[in-house]
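J.: Below you'll find the structure I mean.
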Amino acid sequence: KVASLTLEQKVAQLFIVRPESITGVDTATQAGPATEEALQTYPVGGIAYFQKNLLDPDQTATMLANVEAYSEEAVGLPLFTCVDEEGGTVTRIAGNPGFAIENVGDMADVGAAGDPAAAEDVAHTIGTYLHDLGFNVDFAPDADICGDPAVDVMALRSFGTDPQLVATMVEAQVKGFASANMLCSAKHFPGIGGVAGDSHEGAIVSEKTLDELRAFELVPFKAAIAADVPFIMVGHLSVPNATGDDTPASINPAIVTDLLRDELGYQNLIITDSMGMGAVGDVAPEQVGVAALEAGVDIVLMPEDFVATYQGVLDAVHDGRLTEARIDESVQRIVKTKLALAE
């Protein structure tokens, strides 16, 4: 299948973007001729939808069905239709006035109850209502370990402060999402719980060494990998004592390739956290995708300027900085995951 795609189509597959990034509309709430044309030009790997895009069940189901058809038409592949639906404070559907869907609550409470079967059930519930609408990727569960609940921005989103407990809950949710035919993503590797600051705003740094990460932050991710999690999302955390420099994890080969791919043996899809966030720093739009791919990432999520970032990757292949074999390696993982969706 990969062999039948052009270089441009392959590079487009490496991106998951907001619908507005390819259509140019202010707020996308339907998929019609403009979307069809956009996907012919930029057949991206996936589209991530936010609450403003999702008005009610009929509108959402129609939009997602259309966009899937346009992707098949453009490249003969399904589209990753993605959403952030963790439960609690991070939902796009539950609690959205257009949908009569109850919020499952904060993962902090699910973790505090300590019952893996209940955690699995929560994921199955979320996965089922998302799948019924036409989504196939949920950027959950959160595998971060909470630091001090009083100040940690992840306090409500994390299952708790104990690595083993978080690992058990994450593993249960990976199974729950799988049982609902929903691809899921453990996040935010190598773990942004307990770190001062918010990566949406600016740089976040952990002073931990690699051994400290292995003993603590990585425990839930190892559990997710053991459960065959389809995606792992890499955060924008800098870990200078573990990697020797301040490069954010999402574009750092020491984290993406050496640690996640090689040491932990993870073979499925590696995606960055949103590349529109402040923590990515001052990497130019045309370089940010190249940097992520050089680090070993498969999918670049929501770059600030998609067209510039896409073009930057194409240019890097043309001038030899990235090989087409490197692009193919990620596209093969993407296509394999997509073809399994269709089964």
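Each chain of the structure tokens is named A, B, ... in the order shown, its residues numbered from 1; ligands are numbered from 1 in display order.
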Env of A:Leu237: 10 Å cut, atoms = only C-alpha atoms, seq-sep filter 4 positions within chain, self excluded. Answer as a list in words.
T.: His188, Phe189, Pro190, Gly191, Ile192, Val195, Asp198, Ser199, Gly202, Ala203, Ile204, Val205, Ser206, Asp246, Thr247, Pro248, Ala249, Ser250, Ile251, Asn252, Ala279 and Val280 of chain A
J.: Considering only strand (DSSP E or B) as DSSP defines it on the backbone, what residues of stretch 210-249 of chain A qualify? List them as a list of chain:residue names.
T.: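 Answer for stretch 210-249 of chain A restricted to strand (DSSP E or B) is A:Phe231, A:Ile232, A:Met233, A:Val234, A:Leu237, A:Ser238.
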J.: Tell me which protein, DNA and RNA residues are within 10 Å of A:Val288, counting only C-alpha atoms, leaving out same-chain ones fewer than 2 positions away, and put them as a compact mmCIF listing (two decimals) with C-alpha atoms, in the first residue's frame.
T.:
# COMPACT_ATOMS: atom_id res chain seq x y z
CA SER A 250 8.86 15.60 21.48
CA ILE A 251 11.84 16.46 19.24
CA MET A 275 3.10 21.34 18.16
CA VAL A 280 8.10 23.66 21.69
CA GLY A 281 9.94 26.95 21.93
CA ASP A 282 11.30 28.87 19.00
CA VAL A 283 11.75 26.08 16.45
CA ALA A 284 10.68 27.55 13.08
CA PRO A 285 7.47 26.11 11.57
CA GLU A 286 9.34 24.66 8.59
CA VAL A 290 11.72 17.68 10.47
CA ALA A 291 13.01 17.80 14.04
CA ALA A 292 10.24 15.48 15.23
CA LEU A 293 10.87 12.98 12.43
CA GLU A 294 14.62 13.08 13.02
CA VAL A 300 3.28 15.36 14.08
CA PRO A 303 1.68 22.15 14.04
CA GLU A 304 1.08 25.90 14.29
CA ASP A 305 1.46 26.38 10.54
CA ALA A 308 4.90 25.42 6.26
CA THR A 309 5.67 22.37 8.41
CA TYR A 310 4.54 19.94 5.69
CA GLY A 312 9.58 21.78 5.44
CA VAL A 313 9.47 17.98 5.62
J.: What lies within 7 Å of stretch 58-69 of chain A using only C-alpha atoms, ignoring chain neighbours under 2 positions off, as a list of chain:residue names?
T.: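 Here the qualifying residues turn out to be A:Gln30, A:Ala31, A:Leu54, A:Leu55, A:Asp56, A:Ser71, A:Glu72, A:Glu73, A:Pro78, A:Leu79, A:Leu133, A:Gly134.
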J.: Just to be explicit: take each residue in the selection above, keep N, CA, C and O atoms, and write the result as a compact mmCIF listing (two decimals), in the first residue's frame.
T.:
# COMPACT_ATOMS: atom_id res chain seq x y z
N GLN A 30 -18.78 21.07 9.29
CA GLN A 30 -19.26 20.12 8.28
C GLN A 30 -18.09 19.76 7.38
O GLN A 30 -17.06 20.44 7.36
N ALA A 31 -18.24 18.67 6.67
CA ALA A 31 -17.23 18.26 5.69
C ALA A 31 -17.92 18.17 4.35
O ALA A 31 -18.72 17.26 4.12
N LEU A 54 -18.08 20.32 17.16
CA LEU A 54 -19.01 19.24 17.46
C LEU A 54 -20.28 19.80 18.05
O LEU A 54 -20.32 20.19 19.23
N LEU A 55 -21.33 19.86 17.24
CA LEU A 55 -22.56 20.55 17.66
C LEU A 55 -23.61 19.61 18.23
O LEU A 55 -24.27 19.92 19.20
N ASP A 56 -23.77 18.45 17.59
CA ASP A 56 -24.75 17.47 18.04
C ASP A 56 -24.44 16.13 17.35
O ASP A 56 -23.60 16.09 16.45
N SER A 71 -11.16 10.87 2.51
CA SER A 71 -9.81 10.33 2.70
C SER A 71 -9.61 9.06 1.87
O SER A 71 -8.58 8.88 1.21
N GLU A 72 -10.62 8.19 1.90
CA GLU A 72 -10.57 6.96 1.09
C GLU A 72 -10.43 7.29 -0.39
O GLU A 72 -9.68 6.65 -1.12
N GLU A 73 -11.18 8.31 -0.79
CA GLU A 73 -11.17 8.76 -2.18
C GLU A 73 -9.79 9.32 -2.57
O GLU A 73 -9.27 9.06 -3.65
N PRO A 78 -8.25 4.95 5.38
CA PRO A 78 -9.09 5.64 6.35
C PRO A 78 -8.34 6.83 6.95
O PRO A 78 -7.11 6.92 6.86
N LEU A 79 -9.09 7.72 7.56
CA LEU A 79 -8.54 8.87 8.24
C LEU A 79 -8.60 8.60 9.74
O LEU A 79 -9.56 8.01 10.22
N LEU A 133 -20.21 7.73 17.21
CA LEU A 133 -20.27 8.99 16.47
C LEU A 133 -19.39 8.96 15.21
O LEU A 133 -19.56 9.78 14.32
N GLY A 134 -18.41 8.04 15.20
CA GLY A 134 -17.52 7.95 14.04
C GLY A 134 -16.07 8.29 14.32
O GLY A 134 -15.25 8.33 13.41
J.: Would you work out the distance separating atom CA of A:Phe139 from atom CA of A:Ile22, expressed in Å to one decimal?
T.: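 About the pair atom CA of A:Phe139 and atom CA of A:Ile22: they are 20.7 Å apart.
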J.: Could you pull the residues within 10 Å of stretch 320-326 of chain A, counting only C-alpha atoms, minus those fewer than 2 positions along the same chain, as a PyMOL selection string?
T.: chain A and resi 7+10-11+290-291+293-294+296+298+313-318+328-331
J.: What's the separation between atom CA of A:Asp132 and atom CA of A:Ile225, in Å to one decimal place?
T.: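 Going from atom CA of A:Asp132 over to atom CA of A:Ile225 covers 26.2 Å.
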J.: Please, which residues of stretch 155-218 of chain A, numbered as in this document, come out helix (DSSP H, G or I) from DSSP, as a count of residues only?
T.: 24
J.: May I have the residues within 12 Å of A:Asn103 as a list in words, using only C-alpha atoms and disregarding those fewer than 6 positions away in the same chain?
T.: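 Contacts, with the query itself left out: Glu85, Glu86, Gly87, Gly88, Thr89, Val90, Thr91, Arg92, Ile93, Ala94, Gly95, Asn96, Pro97, Val122, Ala123, Thr125, Ile126 and Tyr129 of chain A.
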J.: Excluding same-chain residues fewer than 2 positions from A:Ile145, what lies within 7 Å of it counting only C-alpha atoms, as a list in words?
T.: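 These residues fall inside the cut-off: Ala143, Gly147, Ser158, Gly160, Thr161, Asp162, Pro163, Val166, Gly191, Gly193 and Glu217 of chain A.
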J.: When you count only C-alpha atoms, which of these residues is closest to A:Asn136: A:Ala155, A:Ala48, A:Val110, A:Leu269?
T.: A:Ala48
J.: Pick out the closest residue to A:Pro141 from this set: A:Gly244, A:Pro220, A:Gly98, A:Gly76. Count only C-alpha atoms.
T.: A:Pro220
